[in-house]
Amino acid sequence: MPVAFGRAGGAVTPVAPAARREVREAYERLRRYFIVALQAGLAAGLAWYVASTLLKNPQPLFAPAAAVGTIAAAIGNRIRRTAELLGGVILGVLVGDLIIKVIGAGPVQTGLVVAFAISLAVVIRGSGAVMVQAGSTAVLLGTVEPNAPDLAVPRTANALVGGGVAVVVALLLLPLNPVRVVHRAAGPTLDLFAKELTATAKALAARDAGEAEAALGRLEAAEAERKQTTEIVAAAREVTALSPWRWRRRAQLRRYENAAAHLELAYTNSRNMVRRVVALLEAGEPVPPALPAAVEAFGQSLRLLHRDFLAGRPPDIARTRARDAAREAGRARAAGLGFSGTIVASQLFIVVGELLRASGMTKIEADRMAGVCEHRPDSRPDPNDR
């Protein structure tokens, strides 16, 4: 690796490329989630206005907090989050009000109220959000002075206002563009996987187990980003289902959902494949030239699939490259592979099939093009083929 030198001649760490990469990744994250920040800001302001001006609540702090929590903490599940929020508050109010009227307020009483509220939430199979809201509401009621104003009704009203305003903002006033956000979320993930598959192919060709292990580490580190992409797809699905302004995007998003489901399987199998590449190289198994060529071709097909989706054209180029990957995997197997190498080739057939299904093919069409049936130990038709 090239090393930068200062004016005094001492070596310094080459931070410029890493800094540029961090800035680029931060920009991509901001571009992906900026709409969520705008929604949260608008929802907080509106919730405060409704609670303080329309409901005449002198302390409307919980309404904007509930709005922000609904927007930011439950992307793709705003309706459920609002129901959990309100359910937890009502549960905390019921338990807290009843017990405090009997035993009074204080530190010991607060502990008992919180324990009862969360236990009841567990009994009724409430989620973590329900338990948090039940417990925090019980804390609020348990720590107020006996002669203080009753907080049960305002707390419940604020929860309803905050959650309701959040849903209105997310689905009616400022709904995200489902197709655009899916593009922005999926692109970096696909490019990252394609990049690491290229690195794996180079490591295979050079028989460098260390480089293959480094690529595997980067793929595993990218798991959190891949899960964020799944979350974004869920948010887009919710918007197209519930926002009248986005209904016309339903058919287009359904195609992306289908692609996302199969790409999820392709990601998992690709990571397992790279793990086997590491084992192959560490064991010194044979590496026919067709094997790294197959891995590289599959990585290219991932990139091309995203480009075709962005351009709105049929993914014929991506399909052709995926078929090339399967063909090279077949050549590698014919040339002779060890134990791990045989598994790598088998996983290549699987991931190619998943990519072809993500491109819109049926299972039978994808298996035929990928050559899956030809390479099964039992090549009879799968009864689950549709």
# chains A, B, ... in the order shown; residues from 1 in each chain; ligands from 1

call {"tool": "residues_around", "arguments": {"residues": "segment 53-66 of chain A", "least_positions_apart": "2", "cutoff": "12 Å", "atoms": "only C-alpha atoms", "output": "PyMOL selection string"}}
result
chain A and resi 39-51+68-74+78+81-86+88-89+129+133+136-137+140+149+151+153-167

call {"tool": "residues_around", "arguments": {"residues": "segment 217-220 of chain A", "least_positions_apart": "3", "cutoff": "7 Å", "atoms": "only C-alpha atoms", "output": "list in words"}}
result
Phe193, Glu196, Glu213, Ala214, Glu223 and Arg271 of chain A

call {"tool": "write_last_selection", "arguments": {"atoms": "all heavy atoms", "output": "CSV table (one decimal), in the first residue's frame"}}
result
chain,number,residue,atom,x,y,z
A,193,PHE,N,-21.7,-5.6,-2.3
A,193,PHE,CA,-21.5,-7.0,-2.5
A,193,PHE,C,-20.8,-7.3,-3.8
A,193,PHE,O,-19.9,-8.2,-3.8
A,193,PHE,CB,-22.9,-7.6,-2.5
A,193,PHE,CG,-23.3,-8.2,-1.2
A,193,PHE,CD1,-23.8,-7.4,-0.2
A,193,PHE,CD2,-23.2,-9.6,-0.9
A,193,PHE,CE1,-24.2,-7.9,1.1
A,193,PHE,CE2,-23.6,-10.1,0.3
A,193,PHE,CZ,-24.1,-9.2,1.3
A,196,GLU,N,-17.0,-6.7,-3.2
A,196,GLU,CA,-16.4,-7.8,-2.4
A,196,GLU,C,-16.3,-9.1,-3.2
A,196,GLU,O,-15.4,-9.9,-2.9
A,196,GLU,CB,-17.1,-7.9,-1.1
A,196,GLU,CG,-17.0,-6.7,-0.2
A,196,GLU,CD,-15.6,-6.1,-0.1
A,196,GLU,OE1,-14.6,-6.8,-0.1
A,196,GLU,OE2,-15.6,-4.8,0.0
A,213,GLU,N,-10.2,-13.7,3.1
A,213,GLU,CA,-10.8,-13.5,4.5
A,213,GLU,C,-11.1,-12.0,4.8
A,213,GLU,O,-12.1,-11.7,5.4
A,213,GLU,CB,-9.7,-14.0,5.5
A,213,GLU,CG,-10.3,-14.2,6.9
A,213,GLU,CD,-9.4,-15.1,7.8
A,213,GLU,OE1,-8.3,-15.4,7.3
A,213,GLU,OE2,-9.9,-15.4,8.9
A,214,ALA,N,-10.3,-11.1,4.2
A,214,ALA,CA,-10.6,-9.7,4.4
A,214,ALA,C,-11.9,-9.3,3.7
A,214,ALA,O,-12.7,-8.6,4.2
A,214,ALA,CB,-9.5,-8.8,3.8
A,223,GLU,N,-23.6,-6.3,7.1
A,223,GLU,CA,-24.9,-6.9,7.4
A,223,GLU,C,-25.8,-5.9,8.0
A,223,GLU,O,-27.0,-5.9,7.6
A,223,GLU,CB,-24.7,-8.0,8.5
A,223,GLU,CG,-25.9,-8.8,8.8
A,223,GLU,CD,-26.4,-9.6,7.6
A,223,GLU,OE1,-25.7,-9.8,6.7
A,223,GLU,OE2,-27.6,-10.1,7.7
A,271,ARG,N,-22.3,-14.8,1.0
A,271,ARG,CA,-21.4,-14.7,2.2
A,271,ARG,C,-20.9,-16.1,2.5
A,271,ARG,O,-19.7,-16.3,2.8
A,271,ARG,CB,-22.2,-14.1,3.3
A,271,ARG,CG,-21.2,-13.6,4.4
A,271,ARG,CD,-22.0,-12.7,5.4
A,271,ARG,NE,-23.1,-13.4,6.0
A,271,ARG,CZ,-24.4,-13.1,5.8
A,271,ARG,NH1,-24.7,-12.1,5.0
A,271,ARG,NH2,-25.4,-13.7,6.4

call {"tool": "residues_around", "arguments": {"residues": "segment 249-260 of chain A", "least_positions_apart": "2", "cutoff": "8 Å", "atoms": "only C-alpha atoms", "output": "MDAnalysis selection string"}}
result
chainID A and resid 178:179 182 230 233 236:237 240:241 246:247 262:264 355 357:360

call {"tool": "residues_around", "arguments": {"residues": "Val287 of chain A", "least_positions_apart": "2", "cutoff": "9 Å", "atoms": "only C-alpha atoms", "output": "ChimeraX atom specification"}}
result
/A:204-205,207,280-281,284-285,289-292,332,336-338,341

call {"tool": "closest_residue", "arguments": {"among": "A:Val168, A:Val130, A:Leu174, A:Val23", "to": "Ala37 of chain A", "atoms": "only C-alpha atoms"}}
result
A:Leu174

call {"tool": "residues_around", "arguments": {"residues": "segment 312-324 of chain A", "least_positions_apart": "5", "cutoff": "10 Å", "atoms": "only C-alpha atoms", "output": "PDB file with C-alpha atoms, in the first residue's frame"}}
result
ATOM      1  CA  ALA A 293     -14.169 -16.074 -13.451  1.00  0.00           C
ATOM      2  CA  ALA A 294     -17.539 -17.393 -12.235  1.00  0.00           C
ATOM      3  CA  VAL A 295     -17.372 -15.401  -8.985  1.00  0.00           C
ATOM      4  CA  GLU A 296     -16.391 -12.236 -10.868  1.00  0.00           C
ATOM      5  CA  ALA A 297     -19.209 -12.697 -13.412  1.00  0.00           C
ATOM      6  CA  PHE A 298     -21.768 -13.085 -10.650  1.00  0.00           C
ATOM      7  CA  GLY A 299     -20.559  -9.879  -8.971  1.00  0.00           C
ATOM      8  CA  GLN A 300     -20.904  -8.044 -12.279  1.00  0.00           C
ATOM      9  CA  SER A 301     -24.443  -9.380 -12.726  1.00  0.00           C
ATOM     10  CA  LEU A 302     -25.405  -7.855  -9.357  1.00  0.00           C
ATOM     11  CA  ARG A 303     -24.170  -4.440 -10.492  1.00  0.00           C
ATOM     12  CA  LEU A 304     -25.900  -4.754 -13.845  1.00  0.00           C
ATOM     13  CA  LEU A 305     -29.206  -5.762 -12.283  1.00  0.00           C
ATOM     14  CA  HIS A 306     -29.305  -2.532 -10.297  1.00  0.00           C
ATOM     15  CA  ARG A 307     -28.347  -0.463 -13.356  1.00  0.00           C
ATOM     16  CA  ALA A 329     -18.992 -22.626 -12.480  1.00  0.00           C
ATOM     17  CA  GLY A 330     -19.899 -25.688 -14.546  1.00  0.00           C
ATOM     18  CA  LEU A 348     -22.785 -20.212  -7.375  1.00  0.00           C
ATOM     19  CA  PHE A 349     -25.586 -22.090  -9.139  1.00  0.00           C
ATOM     20  CA  VAL A 351     -27.061 -17.484  -6.120  1.00  0.00           C
ATOM     21  CA  VAL A 352     -27.331 -17.197  -9.898  1.00  0.00           C
ATOM     22  CA  GLY A 353     -30.781 -18.771  -9.689  1.00  0.00           C
ATOM     23  CA  LEU A 355     -30.562 -13.351  -8.995  1.00  0.00           C
ATOM     24  CA  LEU A 356     -32.474 -14.523 -12.065  1.00  0.00           C
ATOM     25  CA  ARG A 357     -35.636 -14.822  -9.987  1.00  0.00           C
ATOM     26  CA  ALA A 358     -34.971 -11.325  -8.627  1.00  0.00           C
ATOM     27  CA  SER A 359     -34.880 -10.158 -12.248  1.00  0.00           C
ATOM     28  CA  GLY A 360     -38.471 -11.392 -12.717  1.00  0.00           C
ATOM     29  CA  MET A 361     -38.057 -14.960 -13.932  1.00  0.00           C
ATOM     30  CA  ALA A 366     -34.311 -19.347 -13.536  1.00  0.00           C
ATOM     31  CA  ARG A 368     -33.108 -23.759 -16.412  1.00  0.00           C
ATOM     32  CA  MET A 369     -30.987 -20.732 -17.305  1.00  0.00           C
ATOM     33  CA  ALA A 370     -28.690 -21.203 -14.288  1.00  0.00           C
ATOM     34  CA  GLY A 371     -28.338 -24.920 -14.986  1.00  0.00           C
TER      35      GLY A 371
END

call {"tool": "residues_around", "arguments": {"residues": "Val181 of chain A", "least_positions_apart": "6", "cutoff": "12 Å", "atoms": "only C-alpha atoms", "output": "mmCIF file with N, CA, C and O atoms, in the first residue's frame"}}
result
data_model
loop_
_atom_site.group_PDB
_atom_site.id
_atom_site.type_symbol
_atom_site.label_atom_id
_atom_site.label_comp_id
_atom_site.auth_asym_id
_atom_site.auth_seq_id
_atom_site.Cartn_x
_atom_site.Cartn_y
_atom_site.Cartn_z
ATOM 1 N N GLU A 28 -24.358 9.274 1.654
ATOM 2 C CA GLU A 28 -25.349 8.303 1.195
ATOM 3 C C GLU A 28 -26.370 8.012 2.293
ATOM 4 O O GLU A 28 -27.565 7.887 2.026
ATOM 5 N N ARG A 29 -25.884 7.906 3.541
ATOM 6 C CA ARG A 29 -26.819 7.660 4.644
ATOM 7 C C ARG A 29 -27.762 8.837 4.823
ATOM 8 O O ARG A 29 -28.967 8.664 5.041
ATOM 9 N N LEU A 30 -27.215 10.062 4.740
ATOM 10 C CA LEU A 30 -28.057 11.248 4.889
ATOM 11 C C LEU A 30 -29.077 11.319 3.757
ATOM 12 O O LEU A 30 -30.257 11.624 3.992
ATOM 13 N N ARG A 31 -28.665 11.032 2.535
ATOM 14 C CA ARG A 31 -29.571 11.086 1.396
ATOM 15 C C ARG A 31 -30.701 10.067 1.549
ATOM 16 O O ARG A 31 -31.844 10.319 1.183
ATOM 17 N N ARG A 32 -30.364 8.935 2.153
ATOM 18 C CA ARG A 32 -31.351 7.871 2.319
ATOM 19 C C ARG A 32 -32.372 8.216 3.401
ATOM 20 O O ARG A 32 -33.555 7.924 3.269
ATOM 21 N N TYR A 33 -31.913 8.846 4.483
ATOM 22 C CA TYR A 33 -32.788 9.065 5.635
ATOM 23 C C TYR A 33 -33.198 10.520 5.835
ATOM 24 O O TYR A 33 -33.860 10.832 6.821
ATOM 25 N N PHE A 34 -32.851 11.413 4.924
ATOM 26 C CA PHE A 34 -33.185 12.818 5.105
ATOM 27 C C PHE A 34 -34.700 13.022 5.152
ATOM 28 O O PHE A 34 -35.208 13.861 5.904
ATOM 29 N N ILE A 35 -35.433 12.249 4.371
ATOM 30 C CA ILE A 35 -36.893 12.363 4.374
ATOM 31 C C ILE A 35 -37.448 12.024 5.755
ATOM 32 O O ILE A 35 -38.428 12.626 6.218
ATOM 33 N N VAL A 36 -36.813 11.072 6.457
ATOM 34 C CA VAL A 36 -37.260 10.710 7.809
ATOM 35 C C VAL A 36 -37.031 11.881 8.759
ATOM 36 O O VAL A 36 -37.878 12.182 9.612
ATOM 37 N N PRO A 175 -45.255 12.054 2.414
ATOM 38 C CA PRO A 175 -44.893 10.651 2.211
ATOM 39 C C PRO A 175 -43.626 10.524 1.378
ATOM 40 O O PRO A 175 -43.382 11.324 0.476
ATOM 41 N N GLY A 187 -28.965 0.413 -3.986
ATOM 42 C CA GLY A 187 -27.766 0.630 -4.795
ATOM 43 C C GLY A 187 -26.464 0.411 -4.057
ATOM 44 O O GLY A 187 -25.620 -0.403 -4.479
ATOM 45 N N PRO A 188 -26.222 1.102 -2.923
ATOM 46 C CA PRO A 188 -24.967 0.906 -2.204
ATOM 47 C C PRO A 188 -24.766 -0.532 -1.731
ATOM 48 O O PRO A 188 -23.642 -1.042 -1.733
ATOM 49 N N GLN A 228 -30.779 -2.440 6.993
ATOM 50 C CA GLN A 228 -31.404 -1.130 6.797
ATOM 51 C C GLN A 228 -32.133 -1.081 5.460
ATOM 52 O O GLN A 228 -33.200 -0.474 5.345
ATOM 53 N N THR A 229 -31.560 -1.722 4.449
ATOM 54 C CA THR A 229 -32.224 -1.774 3.150
ATOM 55 C C THR A 229 -33.559 -2.501 3.261
ATOM 56 O O THR A 229 -34.576 -2.075 2.703
ATOM 57 N N THR A 230 -33.593 -3.602 4.012
ATOM 58 C CA THR A 230 -34.843 -4.332 4.236
ATOM 59 C C THR A 230 -35.864 -3.450 4.938
ATOM 60 O O THR A 230 -37.058 -3.461 4.621
ATOM 61 N N GLU A 231 -35.393 -2.648 5.887
ATOM 62 C CA GLU A 231 -36.277 -1.731 6.621
ATOM 63 C C GLU A 231 -36.860 -0.673 5.685
ATOM 64 O O GLU A 231 -38.049 -0.333 5.763
ATOM 65 N N ILE A 232 -36.026 -0.161 4.776
ATOM 66 C CA ILE A 232 -36.497 0.851 3.823
ATOM 67 C C ILE A 232 -37.556 0.268 2.892
ATOM 68 O O ILE A 232 -38.561 0.916 2.576
ATOM 69 N N VAL A 233 -37.353 -0.962 2.453
ATOM 70 C CA VAL A 233 -38.348 -1.610 1.588
ATOM 71 C C VAL A 233 -39.673 -1.766 2.330
ATOM 72 O O VAL A 233 -40.749 -1.564 1.757
ATOM 73 N N ALA A 234 -39.622 -2.093 3.641
ATOM 74 C CA ALA A 234 -40.842 -2.202 4.441
ATOM 75 C C ALA A 234 -41.556 -0.857 4.529
ATOM 76 O O ALA A 234 -42.789 -0.781 4.455
ATOM 77 N N ALA A 235 -40.787 0.232 4.705
ATOM 78 C CA ALA A 235 -41.391 1.566 4.760
ATOM 79 C C ALA A 235 -42.057 1.916 3.432
ATOM 80 O O ALA A 235 -43.156 2.478 3.402
ATOM 81 N N ALA A 236 -41.391 1.590 2.343
ATOM 82 C CA ALA A 236 -41.970 1.871 1.023
ATOM 83 C C ALA A 236 -43.245 1.077 0.808
ATOM 84 O O ALA A 236 -44.228 1.574 0.247
ATOM 85 N N ARG A 237 -43.270 -0.173 1.282
ATOM 86 C CA ARG A 237 -44.473 -0.996 1.154
ATOM 87 C C ARG A 237 -45.631 -0.375 1.935
ATOM 88 O O ARG A 237 -46.772 -0.321 1.458
ATOM 89 N N VAL A 239 -46.092 2.777 2.693
ATOM 90 C CA VAL A 239 -46.547 4.010 2.040
ATOM 91 C C VAL A 239 -47.425 3.696 0.837
ATOM 92 O O VAL A 239 -48.490 4.288 0.652
ATOM 93 N N LEU A 253 -43.461 -1.192 -7.072
ATOM 94 C CA LEU A 253 -42.812 -1.598 -5.829
ATOM 95 C C LEU A 253 -42.920 -3.102 -5.619
ATOM 96 O O LEU A 253 -42.009 -3.713 -5.051
ATOM 97 N N TYR A 256 -39.979 -4.681 -6.962
ATOM 98 C CA TYR A 256 -38.803 -4.511 -6.101
ATOM 99 C C TYR A 256 -38.878 -5.419 -4.881
ATOM 100 O O TYR A 256 -37.857 -5.940 -4.428
ATOM 101 N N LEU A 310 -32.602 0.799 -12.463
ATOM 102 C CA LEU A 310 -32.574 2.263 -12.467
ATOM 103 C C LEU A 310 -32.985 2.820 -13.824
ATOM 104 O O LEU A 310 -33.698 3.826 -13.913
#

call {"tool": "closest_residue", "arguments": {"among": "A:Phe309, A:Ala201, A:Gly106, A:Glu354", "to": "Ala261 of chain A", "atoms": "only C-alpha atoms"}}
result
A:Glu354

call {"tool": "residues_around", "arguments": {"residues": "Glu282 of chain A", "least_positions_apart": "6", "cutoff": "9 Å", "atoms": "only C-alpha atoms", "output": "list in words"}}
result
Arg207, Asp208, Ala209 and Gly210 of chain A

call {"tool": "select_by_dssp", "arguments": {"residues": "segment 224-379 of chain A", "states": "alpha helix (DSSP H)", "output": "JSON, numbers by chain"}}
result
{"A": [224, 225, 226, 227, 228, 229, 230, 231, 232, 233, 234, 235, 236, 237, 238, 239, 240, 241, 242, 250, 251, 252, 253, 254, 255, 256, 257, 258, 259, 260, 261, 262, 263, 264, 265, 266, 267, 268, 269, 270, 271, 272, 273, 274, 275, 276, 277, 278, 279, 280, 281, 282, 283, 290, 291, 292, 293, 294, 295, 296, 297, 298, 299, 300, 301, 302, 303, 304, 305, 306, 307, 308, 309, 310, 311, 316, 317, 318, 319, 320, 321, 322, 323, 324, 325, 326, 327, 328, 329, 330, 331, 332, 333, 334, 335, 339, 340, 341, 342, 343, 344, 345, 346, 347, 348, 349, 350, 351, 352, 353, 354, 355, 356, 357, 358, 363, 364, 365, 366, 367, 368, 369, 370, 372, 373, 374, 375]}

call {"tool": "atom_distance", "arguments": {"atom1": "atom CA of Ala203 of chain A", "atom2": "atom CA of Ala224 of chain A"}}
result
24.6 Å
